[in-house]
Structures are given as structure tokens and as C-alpha cells.
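What follows is the content of upload.txt (compact mmCIF, C-alpha atoms and all ligand atoms).
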# COMPACT_ATOMS: atom_id res chain seq x y z
CA MET A 1 91.28 93.17 87.18
CA THR A 2 89.54 90.40 85.24
CA THR A 3 86.56 92.49 84.17
CA ASP A 4 88.36 92.44 80.86
CA PRO A 5 86.34 90.74 78.12
CA ALA A 6 89.67 89.60 76.68
CA LEU A 7 90.05 87.11 79.47
CA HIS A 8 88.81 83.81 78.14
CA PRO A 9 90.53 80.90 79.82
CA VAL A 10 91.23 78.00 77.50
CA ARG A 11 89.66 75.67 80.05
CA ASN A 12 86.25 76.17 81.49
CA LEU A 13 86.62 75.43 85.18
CA SER A 14 83.71 77.56 86.28
CA LEU A 15 82.63 76.98 89.84
CA LEU A 16 79.41 78.87 89.47
CA ARG A 17 76.01 77.48 88.62
CA ASP A 18 75.64 79.55 85.51
CA ARG A 19 76.86 82.52 83.58
CA ASN A 20 74.46 84.81 85.41
CA ASP A 21 76.21 84.20 88.72
CA ALA A 22 79.51 85.12 87.07
CA ALA A 23 77.92 88.23 85.51
CA VAL A 24 76.65 89.40 88.92
CA LEU A 25 79.96 88.72 90.64
CA SER A 26 81.87 90.52 87.87
CA ALA A 27 79.57 93.55 88.12
CA VAL A 28 80.09 93.69 91.89
CA ARG A 29 83.84 93.45 91.45
CA ALA A 30 83.81 96.29 88.93
CA HIS A 31 82.30 98.46 91.72
CA ALA A 32 84.79 97.38 94.37
CA GLY A 33 85.33 100.94 95.57
CA THR A 34 81.73 102.06 95.91
CA GLY A 35 79.60 98.93 96.24
CA ILE A 36 76.55 98.32 94.07
CA SER A 37 72.84 97.99 94.82
CA ARG A 38 70.61 95.15 93.63
CA VAL A 39 68.68 97.61 91.46
CA GLU A 40 71.86 98.75 89.72
CA LEU A 41 73.00 95.13 89.36
CA ALA A 42 69.77 94.33 87.53
CA GLU A 43 70.37 97.28 85.20
CA ARG A 44 74.00 96.30 84.55
CA THR A 45 73.39 92.61 83.95
CA ARG A 46 69.92 92.95 82.36
CA LEU A 47 68.66 90.26 84.73
CA THR A 48 65.28 90.52 86.46
CA ALA A 49 65.00 91.78 90.03
CA GLN A 50 63.85 88.31 91.03
CA ALA A 51 66.90 86.65 89.47
CA ILE A 52 69.23 89.19 91.10
CA SER A 53 67.64 88.55 94.47
CA LYS A 54 68.12 84.79 94.11
CA ILE A 55 71.71 84.99 92.84
CA THR A 56 72.86 87.56 95.40
CA GLY A 57 71.23 85.48 98.14
CA ARG A 58 73.32 82.52 97.03
CA LEU A 59 76.54 84.55 96.77
CA LEU A 60 75.94 86.09 100.23
CA GLU A 61 75.43 82.60 101.64
CA ASP A 62 78.66 81.41 100.01
CA GLY A 63 80.48 84.32 101.68
CA LEU A 64 81.56 85.85 98.35
CA LEU A 65 79.44 88.98 98.87
CA THR A 66 78.58 91.10 101.85
CA GLU A 67 76.03 93.81 102.49
CA ALA A 68 77.91 96.96 103.36
CA GLY A 69 76.31 100.39 103.62
CA ARG A 70 73.34 102.03 102.01
CA GLU A 71 72.92 104.68 99.38
CA ARG A 72 70.12 107.12 98.78
CA VAL A 73 69.60 107.84 95.12
CA ALA A 74 68.96 111.51 94.27
CA GLY A 75 65.31 112.27 93.56
CA GLN A 76 64.14 108.94 94.87
CA THR A 77 61.77 108.32 97.70
CA GLY A 78 61.53 105.22 99.83
CA LYS A 79 64.23 103.47 101.80
CA PRO A 80 67.88 103.74 100.78
CA ARG A 81 69.33 100.89 98.74
CA THR A 82 71.60 98.32 100.39
CA LEU A 83 75.01 98.12 98.77
CA LEU A 84 76.71 94.83 97.99
CA ARG A 85 80.45 94.36 97.98
CA LEU A 86 82.84 91.59 97.15
CA VAL A 87 84.57 89.92 100.12
CA PRO A 88 88.14 90.04 98.76
CA ARG A 89 89.53 87.29 100.96
CA ALA A 90 86.62 84.89 100.54
CA ARG A 91 88.72 83.00 97.99
CA PHE A 92 92.31 83.02 96.73
CA ALA A 93 94.10 82.00 93.57
CA PHE A 94 97.74 81.30 92.73
CA GLY A 95 99.76 82.52 89.77
CA ALA A 96 103.17 81.07 88.95
CA GLN A 97 105.82 82.19 86.51
CA LEU A 98 108.09 79.36 85.53
CA GLY A 99 111.15 80.84 83.82
CA ARG A 100 114.51 79.59 82.63
CA GLY A 101 116.25 80.93 85.71
CA GLU A 102 113.61 81.45 88.36
CA LEU A 103 110.31 80.34 89.71
CA ARG A 104 107.93 82.93 91.11
CA LEU A 105 104.63 82.32 92.85
CA ILE A 106 102.02 84.78 94.05
CA GLN A 107 98.74 84.41 95.85
CA VAL A 108 95.99 86.91 95.04
CA ASP A 109 92.59 87.63 96.56
CA LEU A 110 89.36 88.02 94.58
CA THR A 111 90.22 91.60 93.59
CA GLY A 112 93.57 90.43 92.19
CA ALA A 113 95.57 92.08 95.00
CA VAL A 114 98.73 90.15 95.87
CA THR A 115 98.43 88.66 99.36
CA ALA A 116 101.62 86.57 99.43
CA GLU A 117 104.58 85.83 97.21
CA ALA A 118 107.57 83.53 97.02
CA GLU A 119 110.41 82.98 94.60
CA THR A 120 113.33 80.69 94.10
CA ALA A 121 116.18 80.26 91.61
CA VAL A 122 115.83 77.44 89.08
CA ASP A 123 118.55 75.65 87.17
CA PRO A 124 117.23 75.38 83.58
CA ASP A 125 119.09 72.06 83.24
CA ALA A 126 117.49 70.62 86.39
CA GLU A 127 115.19 67.64 86.14
CA PRO A 128 111.69 69.13 85.49
CA GLY A 129 110.06 66.89 88.11
CA ALA A 130 112.26 68.39 90.82
CA VAL A 131 111.34 71.92 89.76
CA LEU A 132 107.63 71.05 89.82
CA ASP A 133 108.05 69.44 93.26
CA ARG A 134 109.55 72.73 94.42
CA LEU A 135 106.63 74.73 92.93
CA ALA A 136 104.12 72.41 94.61
CA ALA A 137 105.95 72.85 97.92
CA MET A 138 105.76 76.64 97.52
CA VAL A 139 102.01 76.39 96.85
CA HIS A 140 101.50 74.23 99.93
CA GLU A 141 103.52 76.64 102.07
CA LEU A 142 101.34 79.57 101.01
CA ILE A 143 98.13 77.55 101.47
CA ALA A 144 99.26 76.71 104.99
CA GLY A 145 99.55 80.46 105.56
CA SER A 146 96.07 81.37 104.32
CA GLY A 147 94.21 78.17 105.03
CA ASP A 148 92.27 75.48 103.31
CA GLU A 149 89.79 75.01 100.55
CA ARG A 150 89.28 78.65 99.72
CA VAL A 151 91.83 78.31 96.90
CA LEU A 152 90.30 78.46 93.41
CA GLY A 153 93.25 77.16 91.45
CA LEU A 154 96.71 77.70 90.06
CA GLY A 155 97.65 79.42 86.81
CA VAL A 156 101.12 78.56 85.54
CA ALA A 157 102.75 80.85 82.98
CA CYS A 158 105.65 79.37 81.09
CA PRO A 159 107.79 80.21 78.05
CA GLY A 160 106.50 78.75 74.78
CA PRO A 161 106.03 76.96 72.55
CA LEU A 162 103.31 75.17 74.49
CA ASP A 163 99.72 74.08 74.03
CA ALA A 164 97.51 75.92 76.51
CA ARG A 165 94.52 73.63 75.82
CA ASP A 166 96.11 70.39 77.00
CA GLY A 167 98.79 72.02 79.14
CA VAL A 168 101.63 70.26 77.31
CA LEU A 169 104.97 71.97 76.71
CA HIS A 170 106.58 71.75 73.28
CA GLN A 171 110.10 72.78 72.27
CA VAL A 172 110.44 75.41 75.02
CA THR A 173 113.40 77.49 73.91
CA GLY A 174 116.40 76.96 76.15
CA MET A 175 114.70 74.22 78.24
CA PRO A 176 115.17 71.03 76.16
CA ARG A 177 114.42 68.70 79.09
CA TRP A 178 110.91 70.16 79.34
CA HIS A 179 109.87 69.10 75.84
CA GLY A 180 106.65 67.04 75.92
CA LEU A 181 106.05 67.61 79.65
CA ARG A 182 102.38 67.36 80.63
CA LEU A 183 102.69 70.38 82.90
CA ARG A 184 99.00 70.75 83.75
CA GLU A 185 98.54 67.11 84.73
CA GLU A 186 101.82 67.06 86.65
CA MET A 187 100.87 70.14 88.68
CA GLU A 188 97.28 69.00 89.27
CA ARG A 189 98.61 65.74 90.66
CA ARG A 190 101.07 67.54 92.93
CA THR A 191 98.70 70.23 94.25
CA ASP A 192 95.16 68.78 93.97
CA LEU A 193 94.16 72.14 92.51
CA PRO A 194 92.65 72.93 89.11
CA VAL A 195 95.58 74.13 86.98
CA ILE A 196 95.62 76.34 83.89
CA VAL A 197 98.79 76.51 81.78
CA GLU A 198 99.35 79.61 79.70
CA LYS A 199 102.18 81.12 77.73
CA ASN A 200 104.02 83.72 79.84
CA THR A 201 103.44 86.56 77.39
CA THR A 202 99.71 85.79 77.04
CA ALA A 203 99.43 85.87 80.84
CA GLY A 204 101.25 89.22 80.74
CA VAL A 205 98.76 90.81 78.35
CA LEU A 206 95.86 89.55 80.47
CA ARG A 207 97.20 91.13 83.64
CA SER A 208 95.15 94.28 83.29
CA PRO A 209 92.24 95.50 81.22
CA GLY A 210 93.11 97.84 78.39
CA PRO A 211 92.24 98.77 74.82
CA ASP A 212 90.69 96.11 72.56
CA ASP A 213 93.87 95.96 70.49
CA ARG A 214 96.98 95.76 72.60
CA ALA A 215 100.22 93.84 73.10
CA PHE A 216 102.52 92.93 75.97
CA VAL A 217 106.16 92.84 74.84
CA TYR A 218 108.51 90.90 77.08
CA VAL A 219 112.30 90.98 77.28
CA GLY A 220 113.56 88.71 80.02
CA ASP A 221 114.99 85.22 79.76
CA GLY A 222 113.53 85.32 76.24
CA VAL A 223 111.71 87.78 74.01
CA GLY A 224 108.01 87.43 73.24
CA ALA A 225 104.65 89.14 72.92
CA GLY A 226 101.10 88.53 74.15
CA LEU A 227 98.22 89.83 72.05
CA VAL A 228 94.67 91.01 72.60
CA LEU A 229 93.03 91.71 69.23
CA GLY A 230 89.49 92.93 68.70
CA GLY A 231 88.83 92.61 72.44
CA ARG A 232 89.82 88.94 72.69
CA VAL A 233 93.04 87.27 73.63
CA HIS A 234 94.73 85.97 70.50
CA ARG A 235 96.23 82.52 71.01
CA GLY A 236 96.35 81.26 67.45
CA ALA A 237 95.41 77.88 65.95
CA ARG A 238 97.61 75.87 68.34
CA THR A 239 97.58 78.48 71.15
CA ASN A 240 101.11 79.42 70.15
CA ALA A 241 100.72 82.92 68.70
CA GLY A 242 103.09 85.62 69.89
CA GLU A 243 106.46 84.02 69.11
CA PHE A 244 107.49 87.60 68.47
CA GLY A 245 111.06 86.88 69.59
CA HIS A 246 111.59 84.39 66.77
CA GLN A 247 110.89 86.73 63.88
CA CYS A 248 114.00 86.96 61.75
CA ILE A 249 115.49 90.44 61.75
CA ASP A 250 118.95 89.51 60.43
CA PRO A 251 119.28 86.40 58.22
CA ALA A 252 123.05 86.46 58.80
CA GLY A 253 122.66 87.10 62.53
CA PRO A 254 123.58 84.88 65.49
CA ARG A 255 122.18 81.38 65.88
CA CYS A 256 119.11 81.37 68.16
CA ALA A 257 118.35 78.81 70.90
CA CYS A 258 115.38 77.77 68.71
CA GLY A 259 117.79 76.61 66.00
CA ALA A 260 117.12 79.37 63.48
CA ARG A 261 119.48 82.21 62.65
CA GLY A 262 119.03 85.93 63.31
CA CYS A 263 115.90 85.80 65.47
CA LEU A 264 115.07 89.01 67.36
CA GLU A 265 115.59 87.11 70.63
CA ALA A 266 119.08 85.95 69.62
CA VAL A 267 120.10 89.44 68.47
CA CYS A 268 118.64 91.14 71.56
CA LEU A 269 119.97 88.74 74.17
CA ALA A 270 123.46 88.58 72.58
CA ALA A 271 123.65 92.39 72.60
CA LEU A 272 122.44 92.58 76.21
CA ARG A 273 124.98 89.96 77.31
CA ASP A 274 127.76 92.10 75.83
CA GLY A 275 126.46 95.29 77.44
CA ARG A 276 125.35 96.71 74.06
CA THR A 277 121.95 97.86 75.35
CA ASP A 278 121.46 100.42 72.56
CA GLU A 279 121.81 97.68 69.95
CA ALA A 280 119.29 95.46 71.76
CA ALA A 281 116.93 98.43 72.08
CA ARG A 282 117.25 99.25 68.38
CA ALA A 283 116.43 95.67 67.36
CA LEU A 284 113.43 95.62 69.70
CA GLY A 285 112.30 99.03 68.41
CA ILE A 286 112.27 97.78 64.80
CA ALA A 287 110.36 94.63 65.78
CA VAL A 288 107.82 96.60 67.82
CA ALA A 289 107.26 98.96 64.87
CA ASN A 290 106.72 95.88 62.65
CA LEU A 291 104.18 94.57 65.15
CA ALA A 292 102.38 97.92 65.32
CA ARG A 293 102.17 98.11 61.52
CA LEU A 294 101.03 94.52 61.13
CA LEU A 295 98.35 94.55 63.83
CA ASP A 296 97.48 98.24 64.38
CA VAL A 297 97.56 97.93 68.16
CA GLU A 298 96.70 100.91 70.33
CA GLU A 299 98.79 100.11 73.39
CA ILE A 300 102.03 98.23 73.98
CA SER A 301 102.95 97.34 77.51
CA LEU A 302 106.65 96.62 78.11
CA GLY A 303 107.71 93.99 80.62
CA GLY A 304 110.37 91.48 81.60
CA ALA A 305 113.31 91.99 83.96
CA ALA A 306 115.92 92.68 81.23
CA LEU A 307 113.83 95.59 79.94
CA LEU A 308 112.50 96.90 83.25
CA ASP A 309 116.02 96.99 84.76
CA ASP A 310 116.93 99.72 82.26
CA PRO A 311 113.76 100.79 80.43
CA GLU A 312 114.74 104.21 79.03
CA PRO A 313 116.94 103.10 76.09
CA PHE A 314 114.25 100.60 75.03
CA GLU A 315 111.44 103.13 75.25
CA ALA A 316 113.47 105.76 73.36
CA ALA A 317 114.35 103.33 70.55
CA ILE A 318 110.77 102.07 70.27
CA ARG A 319 109.40 105.63 70.12
CA GLU A 320 111.92 106.55 67.46
CA GLU A 321 111.24 103.50 65.31
CA LEU A 322 107.46 103.97 65.63
CA ALA A 323 107.83 107.62 64.62
CA THR A 324 109.94 106.84 61.56
CA ARG A 325 108.33 103.58 60.38
CA ILE A 326 104.62 104.38 60.76
CA PRO A 327 103.57 106.73 57.93
CA ASP A 328 101.26 108.86 60.09
CA PRO A 329 102.29 108.25 63.70
CA HIS A 330 99.90 110.89 65.07
CA TRP A 331 96.87 109.24 63.53
CA GLN A 332 98.08 105.70 64.34
CA ALA A 333 99.43 106.59 67.78
CA VAL A 334 100.66 103.76 70.02
CA THR A 335 100.70 104.26 73.79
CA LEU A 336 103.72 102.72 75.51
CA THR A 337 103.33 101.66 79.13
CA ARG A 338 105.57 99.88 81.63
CA ALA A 339 104.17 96.64 83.02
CA SER A 340 104.73 95.64 86.62
CA ARG A 341 107.41 93.07 87.40
CA LEU A 342 104.62 90.76 88.55
CA ALA A 343 102.55 91.16 85.36
CA ILE A 344 103.04 87.53 84.27
CA PRO A 345 102.22 85.76 87.57
CA ARG A 346 99.32 88.19 88.09
CA GLY A 347 97.96 87.33 84.66
CA ALA A 348 98.34 83.62 85.47
CA ALA A 349 96.47 84.14 88.75
CA ALA A 350 93.75 86.07 86.89
CA LEU A 351 93.16 82.97 84.77
CA ALA A 352 92.59 80.92 87.93
CA LEU A 353 90.27 83.64 89.30
CA GLY A 354 88.38 83.34 86.02
CA ARG A 355 86.58 80.35 87.56
CA LEU A 356 84.34 82.85 89.32
CA PHE A 357 84.13 85.76 86.92
CA LEU A 358 83.15 86.39 83.32
ZN ZN B 1 114.62 81.82 67.51

Before anything else, please render the file you have as C-alpha cells.
Amino acid sequence: MTTDPALHPVRNLSLLRDRNDAAVLSAVRAHAGTGISRVELAERTRLTAQAISKITGRLLEDGLLTEAGRERVAGQTGKPRTLLRLVPRARFAFGAQLGRGELRLIQVDLTGAVTAEAETAVDPDAEPGAVLDRLAAMVHELIAGSGDERVLGLGVACPGPLDARDGVLHQVTGMPRWHGLRLREEMERRTDLPVIVEKNTTAGVLRSPGPDDRAFVYVGDGVGAGLVLGGRVHRGARTNAGEFGHQCIDPAGPRCACGARGCLEAVCLAALRDGRTDEAARALGIAVANLARLLDVEEISLGGAALLDDPEPFEAAIREELATRIPDPHWQAVTLTRASRLAIPRGAAALALGRLFL
């Protein structure tokens, strides 16, 4: 999953000796199904045969790689090449989604496959320390299940605004008690693991590789978007880009939890609360068309429980608004996809896995 060049964690926690180790491991992971020979690894990474031999020796010793099978290359004489594969369960990482109403935690292996998960309801007015204690307890329970020091770290995805570089939460909409919380430090202290804090929607867009220009649009306990532009994750000057839900679509509209009036999030969530799904879908459709025109993205992945519970009206409205608001929708086509319900915690876990991969 994290072969995506867009995945650049805001913290460099790399465990590996150098970038070349990460390049080799990433190339092996990209060939998870078939395995890859040392010769092919040298071609892919442009490293010398000698360097590949040294690095793969180290990774085999660390238990991250295994030799599995041989391949004979057509037209080639000599002995068949030994294939190298990743050992998926050699290490694990955790991804958490901290929301206004729930806390979700997953454990993934090196391929990004989910190996365990847990969730619990959260009272948004609860004391933040108690919620973090609960998250730490969930992490420890899952570690007890898989064992020991093979855990690379914990990625925590959270609603914004927040600063992903120092892991400090700002005026998180709808969670006033969390303002100023040093989430990264607090979780590192509670778990003894390296922790990366990321905005939930940015984690969502990093869940899976895709086109160089793409967005993840989320409708759940809030409304937001994560962006990959020009092949790189777009976080903005203060790592707070993607406050898509707080664009004003109706200056006379309802008051938003952020304090402003007529934000997309306020309009959408008010309509959903009253069972007016078509109205919420229409508002989202207009905002998605605005996003597509502003940024010329190729793919928009739709996620969040409120949307995934009843996706058809949202998809229909978005398609209609894209078709009517983009002057040449065939030329500037936008692919709509449905994200998995675990997209955000999986993206958060991918950031923690990023310690080993490019
Ligand atoms: Zn707002």
C-alpha cells in the first residue's frame, strides 16, 4: 500500500540505515505476489549488485525478508534466480481514528493487511486524558495479542485543525476540550511507541496509491477533504489544508460548529440530521465540483460513515454537479470511487509503516 510516492510522513522516524534499505524493501513489497530476484532489485533501485547483496543480507538477518522460490528467466542460462519476499508479520503498525463519537484502532502487518481491530464509543465532552488512556489501553491489548517489540509505531488520525508537525491539536471543530492538546507527546508517553499525528482526511487520501492528483472527501462526524497534488500529499503551510467542510456555500446558512455561518459542513450535517439526504448530497455535489474545478483532480474517493451508509444519493448528486459545472466533463473526467470504512485508520497505520518504506 505505501509504495505511493505521495506518502511523506511529516516526521522522519526511519528505522533503516539509509534510503537504499527503504528502496529495496519498498521494491520487494511492490512484488508481494510474485517475489523479486536480486538482479531485478538492482535494476529497479539502480543500486549495484554488491550493494543489493549487502542490503538484502541485512534485511534477511533482521527477518524482514525471506528467500522463497526460484525463477528461471526465459532465454537465460545458468542457475535460476532466488526470489525474495517480504515477511508480512515481521513487524506491525497501529493506526487509530479518533473521532467525535468513536475511537477505532487497527493493527496492520507490513503489507498493510489488517491483523486486528478494536473500537469503542467516545463522549466528545469527555476529558481528553481519559480518552487517550482508553486508546493506550486498546494499543496494549492488541500488542499483548501479537507480542512485543515488533511494533513500528502508532499513527493517530484526528479531525482538524491540527499541526501534524508537532502533533498539537488546534480548534478541533466540535471538541473544544481538545484545543491545545499535545496529542503526539501524550500518546508517546502512554504507549512508548513512536507516534505520528495526522489529519483524518489526509490519512484517508494516503490509504491507497492512486493518480498523482486526487482527493479523499469525507462525510462523517464532520466534512473534510485530503489532497494529493502533483504526486505529493498536500498539507499546506501549517499542515492544515483540506478544511473543505468549512468553505462557505450559503452566507445566510446555519451557524457552523467552527463559529462561521453557512459552511458546507453545517449545511450538510443539518440536512442529514433532519433526514434531508438529497439536500446534503446536493450541497456536497456543488462543493466537490468546486474542488474539481479549482484543483483539476483525476480521482475523488468518497468516505466517512454518513456517506457510506447511503452512498447512492451522494454519488448521483456529485456526478450531476460535475457534469453541469465542468465545461467539458469528458475531457476533464473525474473518477469517483468508494473508500473503505477503514480508510482513515489504514492511512494512519501506513504513516507508521513509513518508518521502513520509501
Ligand atoms: Zn465551519

Return as a ChimeraX atom specification every polymer residue, whether protein, DNA or RNA, with at least one atom no more than 12 Å from an atom of ligand ZN 1 (chain B); count only C-alpha atoms and all ligand atoms.
/A:160-161,171-174,222-224,243-251,253-269

Measuring between all atoms listed in the file, which one of A:Arg214, A:Lys79, A:Arg338, A:Arg91 shows the shortest distance to Leu65 (chain A)?
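For Leu65 (chain A), the nearest of the given residues is A:Arg91.
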
Show which residues sit within 7 Å of Pro80 (chain A), as a list of chain:residue names. Count only C-alpha atoms, and ignore same-chain residues fewer than 2 positions away.
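Those residues are A:Arg70, A:Glu71, A:Arg72, A:Gly78, A:Thr82.
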
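In this comparison, which uses only C-alpha atoms, the residue of A:Pro176, A:Pro311, A:Pro159, A:Gly33 approaching Glu102 (chain A) most closely is A:Pro159.
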
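Using all atoms listed in the file, the shortest contact distance between Met175 (chain A) and any of A:Leu193, A:Ala113, A:Gly101, A:Ala287 is found at A:Gly101.
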
As a ChimeraX atom specification, please: the residues near region 317-325 of chain A (cut-off 9 Å, all atoms listed in the file, same-chain neighbours under 3 positions excluded).
/A:278,281-290,292-293,312-314,328-330,333-334,336

For the residues in the current selection, export C-alpha atoms as a tab-separated table (two decimals), in the frame of the given file.
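This went into out_29.tsv:
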chain	number	residue	atom	x	y	z
A	278	ASP	CA	121.46	100.42	72.56
A	281	ALA	CA	116.93	98.43	72.08
A	282	ARG	CA	117.25	99.25	68.38
A	283	ALA	CA	116.43	95.67	67.36
A	284	LEU	CA	113.43	95.62	69.70
A	285	GLY	CA	112.30	99.03	68.41
A	286	ILE	CA	112.27	97.78	64.80
A	287	ALA	CA	110.36	94.63	65.78
A	288	VAL	CA	107.82	96.60	67.82
A	289	ALA	CA	107.26	98.96	64.87
A	290	ASN	CA	106.72	95.88	62.65
A	292	ALA	CA	102.38	97.92	65.32
A	293	ARG	CA	102.17	98.11	61.52
A	312	GLU	CA	114.74	104.21	79.03
A	313	PRO	CA	116.94	103.10	76.09
A	314	PHE	CA	114.25	100.60	75.03
A	328	ASP	CA	101.26	108.86	60.09
A	329	PRO	CA	102.29	108.25	63.70
A	330	HIS	CA	99.90	110.89	65.07
A	333	ALA	CA	99.43	106.59	67.78
A	334	VAL	CA	100.66	103.76	70.02
A	336	LEU	CA	103.72	102.72	75.51

Between A:Pro88, A:Gly155, A:Gly275, A:Gly180, which has the minimum distance to Ile106 (chain A) (counting only C-alpha atoms)?
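Checking each of A:Pro88, A:Gly155, A:Gly275, A:Gly180 against Ile106 (chain A), counting only C-alpha atoms, the winner is A:Gly155.
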
Have a look at A:Leu169, A:Leu353, A:Ala23, A:Ala252 and name the one nearest to Phe92 (chain A); count all atoms listed in the file.
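Checking each candidate against Phe92 (chain A), we get A:Leu353 as the closest.
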
Residue nearest Leu351 (chain A) among A:Val197, A:Val151, A:Leu183, A:Val228 (counting all atoms listed in the file):
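Distance minimum relative to Leu351 (chain A) lands on A:Val197.
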
Report the distance between CA of Ala32 (chain A) and CA of Leu86 (chain A) in Å, rounded to one decimal place.
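A separation of 6.7 Å between them.
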
Please determine an axis-aligned box that encloses all atoms of region 322-327 of chain A listed in the file, with 6 Å added on each side, and express its centre and edge lengths in Å to one decimal as AutoDock Vina command-line options.
--center_x 106.8 --center_y 105.6 --center_z 61.8 --size_x 18.4 --size_y 16.0 --size_z 19.7

How far is it from CA of Asp166 (chain A) to CA of Leu181 (chain A), in Å with one decimal?
10.7 Å

Between CA of Pro209 (chain A) and CA of Arg232 (chain A), what is the distance in Å, rounded to a tenth?
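Interatomic distance here is 11.0 Å.
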
Find the residues near Asn200 (chain A): any atom within 6 Å, counting all atoms listed in the file, skip ones fewer than 2 places away on the same chain, and give them as a ChimeraX atom specification.
/A:157-159,202-203,344

Shell of 10 Å around Arg238 (chain A), only C-alpha atoms, local chain residues under 6 positions omitted, as an MDAnalysis selection string
chainID A and resid 161:165
